[in-house]
Structures are given as structure tokens and as C-alpha cells.
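Visitor: As input, take upload-v3.txt (compact mmCIF, C-alpha atoms and all ligand atoms):
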```
# COMPACT_ATOMS: atom_id res chain seq x y z
CA MET Z 4 -14.67 16.65 12.32
CA ALA Z 5 -11.04 15.80 11.79
CA GLY Z 6 -9.73 12.32 12.20
CA ILE Z 7 -6.69 10.18 11.60
CA ARG Z 8 -6.87 8.20 8.40
CA SER Z 9 -4.95 5.08 7.45
CA PRO Z 10 -1.63 5.69 5.76
CA ILE Z 11 -1.63 5.08 2.02
CA ALA Z 12 1.00 2.42 1.37
CA VAL Z 13 2.17 1.89 -2.16
CA VAL Z 14 3.65 -1.45 -3.16
CA VAL Z 15 6.37 -1.11 -5.78
CA GLY Z 16 9.11 -3.18 -7.33
CA HIS Z 17 10.37 -5.00 -10.39
CA VAL Z 18 8.07 -7.12 -12.58
CA ASP Z 19 7.13 -10.50 -11.10
CA VAL Z 20 8.69 -10.01 -7.68
CA GLY Z 21 5.32 -10.85 -6.10
CA LYS Z 22 3.69 -7.49 -5.34
CA THR Z 23 0.19 -8.55 -6.31
CA LEU Z 24 0.41 -11.96 -4.68
CA LEU Z 25 1.73 -10.38 -1.48
CA LEU Z 26 -1.22 -8.00 -1.43
CA ASP Z 27 -3.61 -10.88 -2.14
CA LYS Z 28 -2.16 -12.68 0.83
CA ILE Z 29 -2.49 -9.63 3.06
CA ARG Z 30 -6.04 -9.00 1.89
CA GLY Z 31 -7.02 -12.64 2.35
CA THR Z 32 -5.60 -12.55 5.84
CA ALA Z 33 -7.43 -9.35 6.68
CA VAL Z 34 -10.70 -10.84 5.47
CA ALA Z 35 -10.12 -13.99 7.50
CA TYR Z 36 -9.30 -12.07 10.69
CA ARG Z 37 -11.65 -9.16 10.29
CA GLU Z 38 -14.23 -7.87 12.59
CA PRO Z 39 -17.60 -8.17 10.83
CA GLY Z 40 -18.44 -5.14 8.76
CA MET Z 41 -14.98 -3.69 9.09
CA ILE Z 42 -13.74 -4.35 5.63
CA THR Z 43 -14.32 -1.43 3.37
CA GLN Z 44 -13.48 -1.87 -0.24
CA HIS Z 45 -12.03 0.64 -2.56
CA ILE Z 46 -11.36 1.21 -6.20
CA GLY Z 47 -7.67 0.54 -6.69
CA MET Z 48 -6.90 0.29 -2.99
CA SER Z 49 -7.27 -2.38 -0.30
CA PHE Z 50 -8.04 -1.47 3.29
CA VAL Z 51 -6.47 -3.65 5.97
CA PRO Z 52 -7.79 -2.79 9.43
CA TRP Z 53 -5.30 -2.80 12.29
CA GLY Z 54 -7.63 -5.00 14.36
CA ALA Z 55 -7.25 -7.78 11.80
CA VAL Z 56 -3.48 -7.40 11.76
CA GLU Z 57 -3.29 -7.56 15.53
CA ARG Z 58 -5.36 -10.73 15.66
CA PHE Z 59 -3.43 -12.38 12.87
CA ALA Z 60 0.01 -11.35 14.12
CA GLY Z 61 -0.77 -11.70 17.86
CA PRO Z 62 2.32 -13.47 19.20
CA LEU Z 63 4.63 -11.28 17.14
CA VAL Z 64 2.81 -8.13 18.31
CA ASP Z 65 3.76 -9.15 21.86
CA ARG Z 66 7.28 -10.14 20.96
CA LEU Z 67 7.89 -6.76 19.31
CA ARG Z 68 6.08 -5.04 22.20
CA LEU Z 69 3.63 -3.27 19.95
CA ARG Z 70 0.39 -4.15 21.70
CA GLY Z 71 -1.61 -1.05 22.50
CA ARG Z 72 0.92 1.19 20.82
CA ILE Z 73 -0.52 1.41 17.33
CA TRP Z 74 -2.83 4.34 16.65
CA ILE Z 75 -3.20 4.13 12.88
CA PRO Z 76 -6.57 2.59 11.92
CA GLY Z 77 -4.96 0.29 9.36
CA PHE Z 78 -3.40 0.57 5.93
CA LEU Z 79 -4.67 1.48 2.51
CA PHE Z 80 -2.57 -0.46 0.07
CA ILE Z 81 -2.09 0.44 -3.57
CA ASP Z 82 -0.65 -2.11 -5.96
CA THR Z 83 1.38 -0.91 -8.93
CA PRO Z 84 2.37 -2.73 -12.10
CA GLY Z 85 6.11 -3.45 -12.15
CA HIS Z 86 6.69 -1.59 -15.37
CA ALA Z 87 5.07 1.69 -14.37
CA ALA Z 88 6.64 2.35 -10.95
CA PHE Z 89 4.32 4.81 -9.28
CA SER Z 90 4.88 7.93 -11.26
CA ASN Z 91 1.13 8.54 -11.29
CA LEU Z 92 0.83 8.78 -7.55
CA ARG Z 93 1.87 12.35 -7.35
CA LYS Z 94 0.28 15.22 -5.56
CA ARG Z 95 1.47 18.78 -5.45
CA GLY Z 96 4.87 18.90 -3.84
CA GLY Z 97 5.13 15.21 -3.07
CA SER Z 98 3.61 11.80 -3.28
CA VAL Z 99 0.15 10.52 -2.46
CA ALA Z 100 1.86 7.54 -0.88
CA ASP Z 101 2.59 8.07 2.80
CA VAL Z 102 4.79 4.99 2.97
CA ALA Z 103 6.08 2.44 0.49
CA VAL Z 104 6.86 -1.24 0.41
CA LEU Z 105 9.66 -1.98 -2.03
CA VAL Z 106 9.36 -5.64 -2.96
CA VAL Z 107 12.46 -7.44 -4.22
CA ASP Z 108 12.99 -11.08 -5.07
CA ILE Z 109 15.25 -12.41 -2.33
CA THR Z 110 16.98 -14.71 -4.81
CA SER Z 111 17.83 -11.96 -7.31
CA GLY Z 112 18.12 -8.74 -5.32
CA LEU Z 113 17.32 -5.31 -6.64
CA GLU Z 114 16.53 -5.31 -10.37
CA GLU Z 115 16.04 -2.56 -12.91
CA GLN Z 116 12.53 -1.34 -12.14
CA GLY Z 117 13.11 -1.97 -8.47
CA LEU Z 118 15.92 0.52 -8.68
CA GLU Z 119 13.66 2.97 -10.53
CA SER Z 120 11.03 2.63 -7.83
CA LEU Z 121 13.66 3.14 -5.18
CA ASN Z 122 14.83 6.33 -6.84
CA LEU Z 123 11.26 7.64 -7.00
CA ILE Z 124 10.62 6.79 -3.36
CA ARG Z 125 13.76 8.59 -2.34
CA ALA Z 126 13.12 11.59 -4.58
CA ARG Z 127 9.69 12.06 -3.03
CA GLY Z 128 10.96 11.44 0.48
CA VAL Z 129 8.57 8.56 1.16
CA PRO Z 130 9.57 6.39 4.14
CA PHE Z 131 9.81 2.75 3.11
CA VAL Z 132 10.48 -0.84 4.08
CA ILE Z 133 11.84 -3.61 1.89
CA ALA Z 134 10.07 -6.94 1.53
CA ALA Z 135 12.61 -9.57 0.46
CA ASN Z 136 10.03 -11.85 -1.09
CA LYS Z 137 10.07 -15.50 -2.21
CA LEU Z 138 11.64 -16.62 1.05
CA ASP Z 139 10.23 -20.09 0.37
CA ARG Z 140 12.71 -20.31 -2.53
CA ILE Z 141 15.67 -20.33 -0.14
CA TYR Z 142 17.18 -23.77 -0.55
CA GLY Z 143 16.23 -26.02 2.34
CA TRP Z 144 13.80 -23.54 3.91
CA GLN Z 145 11.10 -25.30 5.92
CA SER Z 146 7.88 -23.40 5.44
CA GLU Z 147 4.89 -23.18 7.69
CA GLU Z 148 1.78 -21.28 6.62
CA ASN Z 149 1.64 -17.67 7.88
CA ARG Z 150 4.40 -18.07 10.46
CA PRO Z 151 6.13 -14.84 11.45
CA PHE Z 152 9.63 -14.68 10.03
CA LEU Z 153 11.19 -14.20 13.48
CA PHE Z 154 9.75 -17.49 14.66
CA ALA Z 155 10.44 -19.27 11.36
CA VAL Z 156 14.14 -18.41 11.24
CA GLU Z 157 14.70 -19.96 14.67
CA ARG Z 158 13.41 -23.26 13.35
CA GLN Z 159 15.59 -23.65 10.26
CA GLU Z 160 18.58 -25.88 9.56
CA TRP Z 161 21.88 -24.03 9.59
CA HIS Z 162 22.39 -24.33 5.84
CA ALA Z 163 19.06 -22.67 5.06
CA VAL Z 164 19.90 -19.84 7.44
CA ALA Z 165 23.33 -19.51 5.81
CA GLN Z 166 21.67 -19.22 2.40
CA LEU Z 167 19.28 -16.62 3.71
CA GLU Z 168 22.10 -14.60 5.25
CA GLU Z 169 24.02 -14.72 2.00
CA GLN Z 170 21.09 -13.41 -0.04
CA ILE Z 171 20.28 -10.70 2.47
CA GLY Z 172 23.95 -9.79 2.69
CA ARG Z 173 24.02 -9.30 -1.08
CA LEU Z 174 20.98 -7.07 -0.96
CA ILE Z 175 22.51 -5.03 1.86
CA ASP Z 176 25.72 -4.59 -0.18
CA GLN Z 177 23.77 -3.59 -3.24
CA LEU Z 178 21.87 -0.96 -1.27
CA SER Z 179 24.99 0.25 0.42
CA ARG Z 180 26.55 0.98 -2.97
CA LEU Z 181 23.53 3.22 -3.58
CA GLY Z 182 24.18 5.01 -0.33
CA ILE Z 183 21.38 3.28 1.57
CA GLU Z 184 22.01 1.68 4.90
CA ALA Z 185 19.76 -1.35 5.38
CA ASP Z 186 19.58 -4.41 7.58
CA ARG Z 187 17.35 -7.34 8.43
CA TYR Z 188 14.59 -5.66 10.39
CA ASP Z 189 15.29 -7.42 13.66
CA ARG Z 190 18.87 -6.15 13.54
CA VAL Z 191 18.07 -2.53 12.79
CA ARG Z 192 19.35 -0.33 15.59
CA ASP Z 193 18.19 2.99 14.26
CA PHE Z 194 15.14 3.16 12.03
CA ALA Z 195 15.91 6.80 11.27
CA THR Z 196 19.06 5.87 9.34
CA GLN Z 197 18.56 2.21 8.37
CA VAL Z 198 15.95 0.71 6.06
CA PRO Z 199 14.42 -2.48 7.46
CA ILE Z 200 14.43 -5.61 5.28
CA VAL Z 201 11.65 -8.09 6.01
CA PRO Z 202 11.91 -11.55 4.45
CA THR Z 203 8.48 -12.66 3.20
CA SER Z 204 6.79 -15.30 1.14
CA ALA Z 205 3.62 -14.39 -0.68
CA VAL Z 206 3.04 -18.08 -1.28
CA THR Z 207 3.32 -19.40 2.28
CA GLY Z 208 2.49 -16.15 4.07
CA GLU Z 209 5.64 -16.36 6.15
CA GLY Z 210 6.92 -12.94 7.17
CA VAL Z 211 3.66 -11.20 6.25
CA ALA Z 212 2.96 -10.50 9.94
CA ASP Z 213 6.45 -9.04 10.35
CA LEU Z 214 5.99 -6.87 7.26
CA LEU Z 215 2.72 -5.39 8.52
CA LEU Z 216 4.12 -4.67 11.98
CA VAL Z 217 7.31 -3.09 10.68
CA LEU Z 218 5.26 -1.01 8.27
CA ALA Z 219 3.04 0.15 11.13
CA GLY Z 220 6.09 1.12 13.19
CA VAL Z 221 7.69 3.00 10.32
CA SER Z 222 4.40 4.73 9.45
CA GLN Z 223 3.84 5.95 12.98
CA ARG Z 224 7.37 7.14 13.40
CA PHE Z 225 7.96 8.78 10.04
CA VAL Z 226 4.59 9.91 8.69
CA SER Z 227 3.45 12.98 10.57
CA LYS Z 228 0.11 12.93 12.37
CA GLU Z 229 -0.63 16.17 10.59
CA ARG Z 230 -0.31 14.46 7.22
CA LEU Z 231 -2.69 11.72 8.34
CA THR Z 232 -5.25 14.14 9.69
CA VAL Z 233 -8.18 14.49 7.34
CA ARG Z 234 -10.47 17.48 7.20
CA ASP Z 235 -14.09 17.89 6.23
CA GLY Z 236 -13.21 20.36 3.48
CA PRO Z 237 -13.43 19.90 -0.28
CA ALA Z 238 -11.84 16.75 -1.64
CA ARG Z 239 -8.30 16.60 -2.91
CA GLY Z 240 -7.01 13.63 -4.82
CA VAL Z 241 -5.19 12.18 -7.76
CA VAL Z 242 -6.60 10.55 -10.89
CA MET Z 243 -5.29 7.01 -11.26
CA GLU Z 244 -7.06 5.91 -14.39
CA VAL Z 245 -9.56 7.22 -16.93
CA LYS Z 246 -11.63 4.82 -18.99
CA GLU Z 247 -14.83 4.22 -20.87
CA GLU Z 248 -17.38 2.10 -19.04
CA ARG Z 249 -20.33 0.65 -20.87
CA GLY Z 250 -23.48 2.50 -19.92
CA LEU Z 251 -21.63 5.12 -17.87
CA GLY Z 252 -19.41 6.89 -20.36
CA THR Z 253 -16.05 8.22 -19.23
CA VAL Z 254 -15.20 7.40 -15.63
CA ALA Z 255 -12.19 8.38 -13.54
CA ASP Z 256 -10.76 6.18 -10.83
CA VAL Z 257 -9.47 8.51 -8.19
CA ILE Z 258 -7.68 8.37 -4.87
CA ILE Z 259 -8.94 11.01 -2.46
CA TYR Z 260 -6.37 11.75 0.21
CA ASP Z 261 -8.08 14.63 1.95
CA GLY Z 262 -11.56 16.06 2.40
CA VAL Z 263 -15.01 14.91 1.35
CA LEU Z 264 -16.29 14.39 -2.18
CA ARG Z 265 -20.03 14.61 -2.76
CA ARG Z 266 -22.33 13.80 -5.61
CA GLY Z 267 -23.10 17.06 -7.39
CA ASP Z 268 -19.69 18.59 -6.57
CA THR Z 269 -17.81 20.36 -9.29
CA VAL Z 270 -14.27 19.11 -9.66
CA VAL Z 271 -11.30 20.61 -11.40
CA THR Z 272 -8.59 18.45 -12.87
CA ALA Z 273 -6.06 18.55 -15.69
CA GLY Z 274 -6.24 17.54 -19.32
CA LEU Z 275 -3.62 17.78 -22.02
CA GLN Z 276 -5.12 21.07 -23.15
CA GLY Z 277 -5.35 22.63 -19.70
CA PRO Z 278 -7.77 22.60 -16.77
CA ILE Z 279 -10.94 20.53 -17.03
CA THR Z 280 -14.07 21.14 -15.03
CA ALA Z 281 -16.57 18.34 -14.46
CA LYS Z 282 -19.68 17.76 -12.41
CA VAL Z 283 -19.77 14.59 -10.31
CA LYS Z 284 -22.86 12.65 -11.39
CA MET Z 285 -22.18 9.44 -9.54
CA LEU Z 286 -19.73 8.06 -7.03
CA ILE Z 287 -19.10 4.35 -7.19
CA VAL Z 288 -17.41 2.07 -4.66
CA PRO Z 289 -17.23 -1.73 -4.49
CA LYS Z 290 -19.82 -3.46 -2.36
CA PRO Z 291 -18.64 -4.96 0.90
CA LEU Z 292 -17.82 -8.64 0.38
CA ASP Z 293 -20.73 -9.79 2.52
CA GLU Z 294 -23.23 -7.76 0.51
CA MET Z 295 -21.99 -9.08 -2.79
CA ARG Z 296 -24.41 -11.66 -4.13
CA ASP Z 297 -23.60 -11.88 -7.77
CA PRO Z 298 -20.13 -11.22 -9.21
CA GLU Z 299 -21.73 -8.99 -11.85
CA ASP Z 300 -23.25 -6.83 -9.14
CA ARG Z 301 -20.04 -5.60 -7.57
CA TYR Z 302 -20.53 -1.90 -7.15
CA LYS Z 303 -22.76 0.47 -5.30
CA TYR Z 304 -23.53 4.14 -5.63
CA VAL Z 305 -22.91 6.48 -2.74
CA ASP Z 306 -23.66 10.12 -2.03
CA GLU Z 307 -20.31 10.98 -0.53
CA VAL Z 308 -16.87 9.58 0.25
CA ARG Z 309 -14.30 10.67 2.80
CA ALA Z 310 -10.53 10.51 2.60
CA ALA Z 311 -8.68 8.36 2.33
CA VAL Z 312 -10.66 6.48 -0.28
CA GLY Z 313 -10.46 5.01 -3.73
CA VAL Z 314 -13.56 5.89 -5.75
CA ARG Z 315 -14.87 5.81 -9.30
CA ILE Z 316 -16.31 9.11 -10.51
CA VAL Z 317 -18.89 9.32 -13.24
CA GLY Z 318 -19.17 12.84 -14.54
CA GLU Z 319 -19.80 14.98 -17.50
CA GLY Z 320 -16.63 16.41 -19.00
CA LEU Z 321 -14.15 13.83 -17.80
CA GLU Z 322 -13.01 12.99 -21.31
CA GLY Z 323 -9.38 13.95 -21.84
CA VAL Z 324 -8.37 13.90 -18.18
CA VAL Z 325 -4.80 12.65 -17.88
CA PRO Z 326 -4.01 9.87 -15.43
CA GLY Z 327 -1.81 11.21 -12.67
CA ALA Z 328 -3.56 14.58 -12.72
CA PRO Z 329 -4.51 16.21 -9.44
CA ILE Z 330 -8.23 16.60 -8.84
CA VAL Z 331 -9.89 18.98 -6.41
CA ALA Z 332 -13.49 19.70 -5.55
CA VAL Z 333 -14.54 23.29 -5.91
CA GLU Z 334 -15.67 25.17 -2.87
CA GLY Z 335 -15.96 28.87 -3.40
CA SER Z 336 -14.42 30.26 -6.54
CA LEU Z 337 -13.50 28.22 -9.56
CA GLU Z 338 -10.26 30.20 -10.00
CA GLU Z 339 -9.04 29.15 -6.58
CA ALA Z 340 -9.66 25.52 -7.50
CA VAL Z 341 -7.93 25.84 -10.85
CA LYS Z 342 -4.89 27.28 -9.09
CA ALA Z 343 -4.79 24.28 -6.78
CA VAL Z 344 -4.57 21.81 -9.68
P1 LIG T 1 3.85 -7.39 -11.95
O1 LIG T 1 2.54 -6.87 -11.48
O2 LIG T 1 3.81 -7.94 -13.32
O3 LIG T 1 4.95 -6.38 -11.80
O4 LIG T 1 4.28 -8.65 -11.00
P2 LIG T 1 4.07 -8.80 -9.44
O5 LIG T 1 5.22 -8.18 -8.74
O6 LIG T 1 2.73 -8.33 -9.04
O7 LIG T 1 4.21 -10.37 -9.24
P3 LIG T 1 3.04 -11.43 -8.99
O8 LIG T 1 2.45 -11.25 -7.66
O9 LIG T 1 2.13 -11.40 -10.15
O10 LIG T 1 3.89 -12.77 -8.97
C1 LIG T 1 4.69 -13.13 -10.08
C2 LIG T 1 5.02 -14.60 -10.02
O11 LIG T 1 5.85 -14.90 -8.91
C3 LIG T 1 3.78 -15.49 -9.88
O12 LIG T 1 3.96 -16.63 -10.66
C4 LIG T 1 3.77 -15.83 -8.42
O13 LIG T 1 3.16 -17.06 -8.16
C5 LIG T 1 5.25 -15.87 -8.08
N1 LIG T 1 5.48 -15.50 -6.68
C6 LIG T 1 5.10 -14.37 -6.07
N2 LIG T 1 5.47 -14.36 -4.79
C7 LIG T 1 6.10 -15.53 -4.57
C8 LIG T 1 6.72 -16.10 -3.42
O14 LIG T 1 6.77 -15.55 -2.33
N3 LIG T 1 7.29 -17.33 -3.58
C9 LIG T 1 7.27 -17.99 -4.77
N4 LIG T 1 7.85 -19.18 -4.82
N5 LIG T 1 6.69 -17.47 -5.86
C10 LIG T 1 6.11 -16.26 -5.77
MG MG T 2 1.24 -7.28 -10.08
```
So, in terms of C-alpha cells, how does the structure I just supplied come out?
Ligand code: GTP
Ligand code: MG
Guide:
Amino acid sequence: MAGIRSPIAVVVGHVDVGKTLLLDKIRGTAVAYREPGMITQHIGMSFVPWGAVERFAGPLVDRLRLRGRIWIPGFLFIDTPGHAAFSNLRKRGGSVADVAVLVVDITSGLEEQGLESLNLIRARGVPFVIAANKLDRIYGWQSEENRPFLFAVERQEWHAVAQLEEQIGRLIDQLSRLGIEADRYDRVRDFATQVPIVPTSAVTGEGVADLLLVLAGVSQRFVSKERLTVRDGPARGVVMEVKEERGLGTVADVIIYDGVLRRGDTVVTAGLQGPITAKVKMLIVPKPLDEMRDPEDRYKYVDEVRAAVGVRIVGEGLEGVVPGAPIVAVEGSLEEAVKAV
């Protein structure tokens, strides 16, 4: 059975621009507006169902005429630390990320690691949107919790709007010197040639609705349906992190972007010395929030996971796996699998 999965959206940008807080805000919103039982949790990823977005962003969905037009099930967001860009998120011939959110501080524009992230996004051909965060820092800006940016900007004093325009203008100039055409998202005429800039505040939640809707639009237009179609075949993924866990030994936190991974599968991945083969002993995912009783009891064991998913693998032979390595489940011959890594 093939199906359409949520796009994997990576959040990148300079240190302290607000990537994590923005994701916290989005996640909090999704939890508040969810349909019961719809939140699935992941290792290293957060799932935001489209239903929650549509409920949260209702009036803006209508204003942008998006109601009934979104077919992606939601988003799977991956946070990245500002200093590491997302060099780990690589798969053969491209990136695991289907789309990217480049977060910049609206008061300081594109900074060093922001530029690095931008270069990586472009090199891997990942479609992206820019969140110009810390909108609440614009002098004189009147904030209102979770208000869409489009509605907020209509309610501001002229001097706050002037300040905003100046900051966005600077960002646009900066990008233009790098050969990137960008504009405030509501002024973009052609999404194929211009990168949309969405002013946001991770503190007040303003602009978060706009960001999610623009990201949905960009995902549907520029990520192919074929790429988002998952198969029932053997799992393919990327190792995000390898660590020692008390009582479990070496575990690998992995993002599976295609196929199904089952307990008992043999996986092939890469170590410094060459290919590594391991047997999957356990698959661990976080418990749904409503099943979580005790903060110590956060995880559950499952027999299989389907893409796209973030999962922790416990297995024999995972020592020495390098983060960023591809990982594939073996179906048929081991040689074939080794070639795929
Ligand atoms: P790294 O993971 O270290 O790269 O940083 P980050 O991009 O994840 O930034 P983080 O979310 O940790 O936020 C950094 C600081 O900026 C924190 O003190 C936040 O409270 C603050 N901050 C983030 N977003 C906003 C915002 O929209 N407005 C204001 N005023 N402060 C913000
Ligand atoms: Mg962070």
C-alpha cells in the first residue's frame, strides 16, 4: 500500500534566531488544536497534522483561499542546532529534507551560519521559505497572541510598519546580492522564482499561521508527489545520532524516509571503517502525550515503523556507526543493501 507522507521540513538558521522556540510554538499549537489521538511523536521530529493547522489558522486559510486545497497530511519538522547546519540530513543524491524553513532574526538579517544553511539548502535543491523571526522586537509593534501576520500588519501604527518594511527591505537586499529574489510572502508574484519571507514571532505566535500555510503551499507546489509517496518496501533512512543508553547499549536515532522497518530486520549502514551490519533488536518511539503518565516512562517499544518516522533503534553491532550515514534494511541479498549505502 503506497501513500502520501508528510513532507520532512528542516528548520535551519544562525544560533539563537529562535528555531527551537518557533518549533515549540508550532508544536504547542498543534497539540492545542489537535484531533484526539492524532498526534504521533517521533524521535528527533515533530509531527504537525494539517487538521490542527487548518483549525488554528482558519480565517487565514480562507483569506489565502487554501481551504480544501491541501493534500499533504501535515509536516514532520526537524530542528537543527545553529552551529551544525543540517549537513547530517543527507541521503544519496540529495537531502532528506523535502522543504526547509530558514529562520533569520528580523532585526539582524542573515548571519554567518544562516548563510551556510542557505548555501546547503541551495546546493541540495531544497525548496524553502524564510521566517523573519522576532517580529515582536520591531519598535512599536503591537502584539496579539497567535494573530496571523496579514491581520496584524493591518492593525499597526505607521511607524511600526515603516520599521518592519525597513528590516525586510534590508533582508531582501542582502538576499539579492546573493542572487536570490525574495519578497514578503503576500507580495510574491511568482513562487517559482521568488522566495517568500514570512514575519513571525516565536514568543507571541504572530505569523506562525502564515508560516505554516506558506510552507504547505510551497511543499505542494515544489515537492513532487512521487517523492512523498512511500512504499511498503525495506526501510531507507539516515542516522541522526548514535549514543550509549543505560541498559540498552548503543542506540541509533534514525529518520526513515521510505519503506517499513521491522524488529528483527537486518540493516546496513556506514562506519568509519566501512559498511556495518546490525540486527534490529528493538524499535523505540515516544509515547503519545495522552498515554504518558510519568515523565520517566516516555518511550514505548513497537514492532514496526513506517516512513516518514523518527525512531530509535537498539541493535547489536551499532557501535561505530557515523551520524549522517545512510541506513537501509536488507531485503534479499546483503550485497545489494551494501551497495545502496
Ligand atoms: P540554537 O539552537 O542555539 O541555534 O538557537 P535557536 O535558533 O534554537 O534559538 P532559541 O529558540 O533557543 O531562541 C534563542 C533566544 O531567542 C531565546 O532566548 C528566545 O527566548 C529568544 N527568541 C526566540 N524567538 C524569539 C522571538 O520571536 N522574539 C523574541 N523577542 N525573542 C525570541
Ligand atoms: Mg535550538
Visitor: Would you please work out which residue, of Z:Leu174, Z:Leu25, Z:Ile73, Z:Val317, is nearest to ligand LIG 1 (chain T) when using only C-alpha atoms and all ligand atoms?
Guide: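 Among the listed residues, the smallest separation from ligand LIG 1 (chain T) belongs to Z:Leu25.
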Visitor: With all atoms listed in the file as the counted atoms, please give the residues lying no more than 10 Å from Lys342 in chain Z, apart from itself and same-chain residues fewer than 3 positions off, as a PyMOL selection string.
Guide: chain Z and resi 271+278+337-339
Visitor: Using only C-alpha atoms and all ligand atoms, pick whichever of Z:Ile183, Z:Val308, Z:Ala219, Z:Val206 has the shortest atom-to-atom distance to ligand LIG 1 (chain T).
Guide: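 Nearest to ligand LIG 1 (chain T): Z:Val206.
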Visitor: Write out as a short mmCIF file (atom, residue, chain, number, x, y, z; two decimals) with C-alpha atoms, in the frame of the given file each polymer residue (protein, DNA or RNA) that has an atom no more than 12 Å from ligand LIG 1 (chain T), with all atoms listed in the file counted.
Guide:
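So pocket_36.cif came out as:
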```cif
data_model
loop_
_atom_site.label_atom_id
_atom_site.label_comp_id
_atom_site.auth_asym_id
_atom_site.auth_seq_id
_atom_site.Cartn_x
_atom_site.Cartn_y
_atom_site.Cartn_z
CA VAL Z 14 3.65 -1.45 -3.16
CA VAL Z 15 6.37 -1.11 -5.78
CA GLY Z 16 9.11 -3.18 -7.33
CA HIS Z 17 10.37 -5.00 -10.39
CA VAL Z 18 8.07 -7.12 -12.58
CA ASP Z 19 7.13 -10.50 -11.10
CA VAL Z 20 8.69 -10.01 -7.68
CA GLY Z 21 5.32 -10.85 -6.10
CA LYS Z 22 3.69 -7.49 -5.34
CA THR Z 23 0.19 -8.55 -6.31
CA LEU Z 24 0.41 -11.96 -4.68
CA LEU Z 25 1.73 -10.38 -1.48
CA LEU Z 26 -1.22 -8.00 -1.43
CA ASP Z 27 -3.61 -10.88 -2.14
CA LYS Z 28 -2.16 -12.68 0.83
CA ILE Z 29 -2.49 -9.63 3.06
CA ILE Z 81 -2.09 0.44 -3.57
CA ASP Z 82 -0.65 -2.11 -5.96
CA THR Z 83 1.38 -0.91 -8.93
CA PRO Z 84 2.37 -2.73 -12.10
CA GLY Z 85 6.11 -3.45 -12.15
CA HIS Z 86 6.69 -1.59 -15.37
CA ALA Z 87 5.07 1.69 -14.37
CA ALA Z 88 6.64 2.35 -10.95
CA PHE Z 89 4.32 4.81 -9.28
CA VAL Z 104 6.86 -1.24 0.41
CA LEU Z 105 9.66 -1.98 -2.03
CA VAL Z 106 9.36 -5.64 -2.96
CA VAL Z 107 12.46 -7.44 -4.22
CA ASP Z 108 12.99 -11.08 -5.07
CA ILE Z 109 15.25 -12.41 -2.33
CA THR Z 110 16.98 -14.71 -4.81
CA GLU Z 114 16.53 -5.31 -10.37
CA GLU Z 115 16.04 -2.56 -12.91
CA GLN Z 116 12.53 -1.34 -12.14
CA GLY Z 117 13.11 -1.97 -8.47
CA SER Z 120 11.03 2.63 -7.83
CA ALA Z 134 10.07 -6.94 1.53
CA ALA Z 135 12.61 -9.57 0.46
CA ASN Z 136 10.03 -11.85 -1.09
CA LYS Z 137 10.07 -15.50 -2.21
CA LEU Z 138 11.64 -16.62 1.05
CA ASP Z 139 10.23 -20.09 0.37
CA ARG Z 140 12.71 -20.31 -2.53
CA ILE Z 141 15.67 -20.33 -0.14
CA TYR Z 142 17.18 -23.77 -0.55
CA TRP Z 144 13.80 -23.54 3.91
CA SER Z 146 7.88 -23.40 5.44
CA GLU Z 148 1.78 -21.28 6.62
CA ASN Z 149 1.64 -17.67 7.88
CA PRO Z 202 11.91 -11.55 4.45
CA THR Z 203 8.48 -12.66 3.20
CA SER Z 204 6.79 -15.30 1.14
CA ALA Z 205 3.62 -14.39 -0.68
CA VAL Z 206 3.04 -18.08 -1.28
CA THR Z 207 3.32 -19.40 2.28
CA GLY Z 208 2.49 -16.15 4.07
CA GLU Z 209 5.64 -16.36 6.15
CA GLY Z 210 6.92 -12.94 7.17
CA VAL Z 211 3.66 -11.20 6.25
#
```
Visitor: Give the answer as one residue: which of Z:Lys290, Z:Gly318, Z:Arg187, Z:Val217 has the shortest atom-to-atom distance to Gly252 in chain Z, using all atoms listed in the file?
Guide: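 The answer is Z:Gly318, which sits nearest to Gly252 in chain Z.
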Visitor: Kindly compute an axis-aligned box around the listed atoms of range 66-82 of chain Z, allowing 4 Å on each side, and express its centre and edge lengths in Å to one decimal as lines of an AutoDock Vina configuration file.
Guide:
```
center_x = 0.7
center_y = -2.9
center_z = 8.3
size_x = 22.5
size_y = 22.5
size_z = 36.5
```
Visitor: Neighbouring residues of Leu153 in chain Z were defined as those with any atom within 8 Å, considering all atoms listed in the file; residues of the same chain fewer than 4 positions away were excluded. Please report them as a ChimeraX atom specification.
Guide: /Z:157,189,210,213
Visitor: Please rebuild range 240-251 of chain Z with N, CA and C atoms and return the result as a compact mmCIF listing (two decimals), in the frame of the given file.
Guide:
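Below is the file selection_36.txt, written as the result:
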```
# COMPACT_ATOMS: atom_id res chain seq x y z
N GLY Z 240 -7.43 14.98 -4.46
CA GLY Z 240 -7.01 13.63 -4.82
C GLY Z 240 -6.16 13.60 -6.06
N VAL Z 241 -5.98 12.40 -6.56
CA VAL Z 241 -5.19 12.18 -7.76
C VAL Z 241 -5.93 11.17 -8.65
N VAL Z 242 -5.94 11.45 -9.95
CA VAL Z 242 -6.60 10.55 -10.89
C VAL Z 242 -5.65 9.39 -11.21
N MET Z 243 -6.12 8.18 -10.98
CA MET Z 243 -5.29 7.01 -11.26
C MET Z 243 -5.48 6.52 -12.69
N GLU Z 244 -6.74 6.51 -13.11
CA GLU Z 244 -7.06 5.91 -14.39
C GLU Z 244 -8.31 6.56 -14.96
N VAL Z 245 -8.36 6.69 -16.27
CA VAL Z 245 -9.56 7.22 -16.93
C VAL Z 245 -9.95 6.20 -17.97
N LYS Z 246 -11.23 5.80 -17.98
CA LYS Z 246 -11.63 4.82 -18.99
C LYS Z 246 -13.09 4.95 -19.36
N GLU Z 247 -13.44 4.25 -20.43
CA GLU Z 247 -14.83 4.22 -20.87
C GLU Z 247 -15.49 3.02 -20.22
N GLU Z 248 -16.63 3.22 -19.61
CA GLU Z 248 -17.38 2.10 -19.04
C GLU Z 248 -18.72 2.04 -19.74
N ARG Z 249 -19.08 0.82 -20.17
CA ARG Z 249 -20.33 0.65 -20.87
C ARG Z 249 -21.49 1.17 -20.03
N GLY Z 250 -22.30 1.99 -20.62
CA GLY Z 250 -23.48 2.50 -19.92
C GLY Z 250 -23.21 3.71 -19.04
N LEU Z 251 -21.94 4.00 -18.77
CA LEU Z 251 -21.63 5.12 -17.87
C LEU Z 251 -20.88 6.24 -18.58
```
